[in-house]
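Novice: Handing you a structure now.
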Amino acid sequence: MATWKSILLQDSASPLMEQLSFFHDHTLLILLIITILVSQFMTSIFINKFINRNLLESQMTELIWTVLPAIALIFIALPSLRLIYILDETNNPLLTIKTIGHQWYWSYEYSDFKNLEFDSYMTPMNELEQWDFRLLDVDNRIPVPFKTRIRMLVSAADVLHSWTIPALGVKVDATPGRLNQTSFYTTRTGLFYGQCSEICGANHSFMPIVIESISPNYFIKWIYSMI
């Protein structure tokens, strides 16, 4: 159970994912209230025997069942619009990483440093260590310093891909000939797993992503070792 929780149900590791979780709970609560209210009305209609043959119209009733859904939609729409703007913001990134989707692997380039680029393939079954996850681990992880604003530039070399890390609340389409961007901010160290979430071909499910969030000091040492 602990293994499944660490892979599929990773806790949020960024403020963006926390906001997405809050919005999910907020919307779910509104839907729960609506479901209970409609169920109570339907139950009341089925079990009572009250009949009003002279009730042909009621403007007040029509006003209420028009205004109440509109108010419910406003309570959902306003946080949703706020969250959309937050997800699109890219303020003062301290590190830029460019990723390009291929069939079927990812290549990464640290644009702030010279000649720092590598490809990331899924680890084959015969090379997995005892602590590795099948179909989720890669030969080259993406080291990033935690508590640092990271900008990701995402594109593709052949077909549509999608660069996705659920624990960070990041999902960006990789489109050939187009450069999309997003940003994220990790609040803790750890390994965060993701996969291409666009059906990009026969080996679509074999191009995982692994972010390795480390301290800035270790990140600087890694940079020196690579260049």
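Each chain in the structure tokens gets a letter, A, B and so on, in the order shown; residues start at 1 in every chain, and ligands are counted from 1 in the order they appear.
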At a cut-off of 7 Å, using only C-alpha atoms, what residues contact Pro145 (chain A)? Leave out same-chain residues fewer than 4 positions from it and give the result as a JSON list (two decimals) with N, CA and C atoms, in the first residue's frame.
Specialist:
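Heads up, here's the output in out_25.json:
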[["chain", "number", "residue", "atom", "x", "y", "z"],
["A", 213, "SER", "N", 13.96, 16.61, -6.90],
["A", 213, "SER", "CA", 14.09, 17.89, -6.22],
["A", 213, "SER", "C", 15.15, 17.76, -5.13],
["A", 214, "ILE", "N", 16.21, 18.56, -5.23],
["A", 214, "ILE", "CA", 17.33, 18.47, -4.30],
["A", 214, "ILE", "C", 17.65, 19.87, -3.76],
["A", 215, "SER", "N", 18.53, 19.92, -2.79],
["A", 215, "SER", "CA", 18.91, 21.21, -2.21],
["A", 215, "SER", "C", 19.74, 22.00, -3.22],
["A", 216, "PRO", "N", 19.71, 23.34, -3.15],
["A", 216, "PRO", "CA", 20.52, 24.14, -4.09],
["A", 216, "PRO", "C", 22.00, 23.81, -4.06],
["A", 219, "PHE", "N", 22.52, 20.78, -6.06],
["A", 219, "PHE", "CA", 22.27, 21.09, -7.47],
["A", 219, "PHE", "C", 23.50, 21.77, -8.08]]
Novice: Return as a list in words the full set of residues in region 117-150 of chain A whose backbone-based DSSP assignment is strand (DSSP E or B).
Specialist: Glu117, Phe118, Asp119, Ser120, Met122, Val138, Ile142, Pro143, Val144, Pro145, Arg149 and Ile150 of chain A
Novice: Please, could you write that set of residues out with all heavy atoms as a short mmCIF file (atom, residue, chain, number, x, y, z; two decimals), in the first residue's frame?
Specialist:
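Below you can see out-v8.cif, which holds the result:
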data_model
loop_
_atom_site.label_atom_id
_atom_site.label_comp_id
_atom_site.auth_asym_id
_atom_site.auth_seq_id
_atom_site.Cartn_x
_atom_site.Cartn_y
_atom_site.Cartn_z
N GLU A 117 22.92 19.14 -21.64
CA GLU A 117 21.70 18.52 -22.17
C GLU A 117 21.87 17.00 -22.14
O GLU A 117 22.98 16.48 -22.19
CB GLU A 117 21.40 19.01 -23.58
CG GLU A 117 22.53 18.84 -24.57
CD GLU A 117 22.22 19.49 -25.90
OE1 GLU A 117 22.07 20.73 -25.94
OE2 GLU A 117 22.12 18.74 -26.90
N PHE A 118 20.73 16.31 -22.06
CA PHE A 118 20.77 14.85 -22.01
C PHE A 118 19.40 14.31 -22.41
O PHE A 118 18.39 15.05 -22.43
CB PHE A 118 21.14 14.36 -20.60
CG PHE A 118 20.26 14.90 -19.50
CD1 PHE A 118 19.07 14.28 -19.17
CD2 PHE A 118 20.64 16.03 -18.80
CE1 PHE A 118 18.26 14.78 -18.16
CE2 PHE A 118 19.84 16.53 -17.78
CZ PHE A 118 18.65 15.91 -17.45
N ASP A 119 19.38 13.03 -22.76
CA ASP A 119 18.14 12.33 -23.07
C ASP A 119 17.71 11.50 -21.87
O ASP A 119 18.55 11.04 -21.08
CB ASP A 119 18.32 11.42 -24.29
CG ASP A 119 18.62 12.21 -25.55
OD1 ASP A 119 18.18 13.38 -25.64
OD2 ASP A 119 19.32 11.68 -26.43
N SER A 120 16.41 11.30 -21.75
CA SER A 120 15.87 10.55 -20.61
C SER A 120 14.99 9.43 -21.15
O SER A 120 13.91 9.69 -21.70
CB SER A 120 15.08 11.47 -19.69
OG SER A 120 14.57 10.78 -18.59
N MET A 122 13.13 5.51 -20.47
CA MET A 122 12.63 4.63 -19.42
C MET A 122 13.65 3.54 -19.13
O MET A 122 14.28 2.99 -20.04
CB MET A 122 11.30 3.99 -19.86
CG MET A 122 10.63 3.17 -18.78
SD MET A 122 9.18 2.28 -19.40
CE MET A 122 9.97 1.03 -20.39
N VAL A 138 13.56 6.32 -14.84
CA VAL A 138 14.31 6.67 -16.06
C VAL A 138 15.81 6.59 -15.79
O VAL A 138 16.24 6.57 -14.63
CB VAL A 138 13.93 8.10 -16.54
CG1 VAL A 138 12.48 8.16 -16.95
CG2 VAL A 138 14.23 9.13 -15.45
N ILE A 142 15.65 14.45 -13.75
CA ILE A 142 15.79 15.89 -13.95
C ILE A 142 16.04 16.55 -12.59
O ILE A 142 15.10 16.76 -11.82
CB ILE A 142 14.52 16.50 -14.57
CG1 ILE A 142 14.04 15.64 -15.74
CG2 ILE A 142 14.75 17.93 -15.01
CD1 ILE A 142 12.61 15.88 -16.10
N PRO A 143 17.30 16.85 -12.25
CA PRO A 143 17.56 17.50 -10.96
C PRO A 143 17.12 18.97 -11.01
O PRO A 143 17.43 19.70 -11.96
CB PRO A 143 19.08 17.38 -10.80
CG PRO A 143 19.52 16.39 -11.84
CD PRO A 143 18.53 16.50 -12.95
N VAL A 144 16.41 19.40 -9.98
CA VAL A 144 16.03 20.81 -9.84
C VAL A 144 16.23 21.20 -8.37
O VAL A 144 16.03 20.38 -7.48
CB VAL A 144 14.57 21.08 -10.27
CG1 VAL A 144 14.37 20.77 -11.74
CG2 VAL A 144 13.60 20.28 -9.42
N PRO A 145 16.61 22.45 -8.10
CA PRO A 145 16.72 22.90 -6.71
C PRO A 145 15.33 23.19 -6.14
O PRO A 145 14.49 23.78 -6.81
CB PRO A 145 17.56 24.17 -6.82
CG PRO A 145 17.33 24.66 -8.20
CD PRO A 145 17.08 23.45 -9.06
N ARG A 149 11.98 28.95 -8.31
CA ARG A 149 11.04 29.06 -9.43
C ARG A 149 11.68 28.52 -10.70
O ARG A 149 12.71 29.04 -11.15
CB ARG A 149 10.62 30.51 -9.61
CG ARG A 149 9.72 30.78 -10.79
CD ARG A 149 8.38 30.13 -10.66
NE ARG A 149 7.62 30.64 -9.53
CZ ARG A 149 6.41 30.20 -9.22
NH1 ARG A 149 5.84 29.25 -9.94
NH2 ARG A 149 5.78 30.70 -8.18
N ILE A 150 11.10 27.49 -11.25
CA ILE A 150 11.63 26.82 -12.45
C ILE A 150 10.70 27.10 -13.62
O ILE A 150 9.47 26.96 -13.50
CB ILE A 150 11.75 25.30 -12.25
CG1 ILE A 150 12.46 24.97 -10.94
CG2 ILE A 150 12.45 24.66 -13.44
CD1 ILE A 150 13.89 25.38 -10.89
#
Novice: I need the residues of region 12-131 of chain A that end up classed as helix (DSSP H, G or I) by DSSP on the backbone, written out as JSON, numbers by chain.
Specialist: {"A": [15, 16, 17, 18, 19, 20, 21, 22, 23, 24, 25, 26, 27, 28, 29, 30, 31, 32, 33, 34, 35, 36, 37, 38, 39, 40, 41, 42, 43, 44, 45, 46, 47, 59, 60, 61, 62, 63, 64, 65, 66, 67, 68, 69, 70, 71, 72, 73, 74, 75, 76, 77, 78, 79, 80, 81, 82, 83, 84, 85, 86, 87, 88, 125, 126, 127]}
Novice: Just checking: using only C-alpha atoms, which residue out of A:Ile227, A:Ile220, A:Cys196, A:Val159 ends up closest to Phe113 (chain A)?
Specialist: A:Ile227
Novice: Counting only C-alpha atoms, what is within 10 Å of Pro93 (chain A), bar same-chain residues fewer than 5 positions away, as a PDB file with C-alpha atoms, in the first residue's frame?
Specialist:
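Written out: part.pdb:
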ATOM      1  CA  THR A 148      13.262  27.753  -6.628  1.00  0.00           C
ATOM      2  CA  ARG A 149      11.036  29.063  -9.427  1.00  0.00           C
ATOM      3  CA  ILE A 150      11.630  26.822 -12.454  1.00  0.00           C
ATOM      4  CA  ARG A 151      10.480  27.643 -15.982  1.00  0.00           C
ATOM      5  CA  MET A 152       9.839  24.747 -18.361  1.00  0.00           C
ATOM      6  CA  SER A 183       6.537  27.158 -14.269  1.00  0.00           C
ATOM      7  CA  PHE A 184       6.595  25.288 -10.997  1.00  0.00           C
ATOM      8  CA  TYR A 185       8.019  25.635  -7.511  1.00  0.00           C
TER       9      TYR A 185
END
Novice: Give me, as a list in words, all polymer residues having an atom no more than 10 Å from Asp112 (chain A), counting only C-alpha atoms and skipping those fewer than 5 positions away in the same chain.
Specialist: Leu94, Leu95, Thr96 and Ile97 of chain A
Novice: How would the residues just picked look written out with all heavy atoms as a short mmCIF file (atom, residue, chain, number, x, y, z; two decimals), in the first residue's frame?
Specialist:
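The result, stored in out-v6.cif:
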data_model
loop_
_atom_site.label_atom_id
_atom_site.label_comp_id
_atom_site.auth_asym_id
_atom_site.auth_seq_id
_atom_site.Cartn_x
_atom_site.Cartn_y
_atom_site.Cartn_z
N LEU A 94 14.24 31.51 -11.87
CA LEU A 94 15.67 31.48 -11.60
C LEU A 94 16.40 30.42 -12.42
O LEU A 94 17.62 30.42 -12.48
CB LEU A 94 15.91 31.22 -10.10
CG LEU A 94 15.39 32.30 -9.16
CD1 LEU A 94 15.65 31.91 -7.71
CD2 LEU A 94 16.02 33.66 -9.47
N LEU A 95 15.64 29.50 -13.03
CA LEU A 95 16.25 28.43 -13.82
C LEU A 95 15.29 28.08 -14.95
O LEU A 95 14.08 27.97 -14.73
CB LEU A 95 16.51 27.20 -12.93
CG LEU A 95 17.12 25.98 -13.61
CD1 LEU A 95 18.55 26.29 -14.08
CD2 LEU A 95 17.12 24.79 -12.67
N THR A 96 15.84 27.91 -16.14
CA THR A 96 15.04 27.55 -17.31
C THR A 96 15.49 26.20 -17.84
O THR A 96 16.69 25.98 -18.05
CB THR A 96 15.15 28.61 -18.42
OG1 THR A 96 14.67 29.87 -17.92
CG2 THR A 96 14.34 28.21 -19.64
N ILE A 97 14.54 25.31 -18.05
CA ILE A 97 14.82 23.99 -18.60
C ILE A 97 13.94 23.80 -19.84
O ILE A 97 12.74 24.05 -19.78
CB ILE A 97 14.53 22.87 -17.58
CG1 ILE A 97 15.32 23.10 -16.30
CG2 ILE A 97 14.88 21.50 -18.17
CD1 ILE A 97 14.97 22.11 -15.19
#
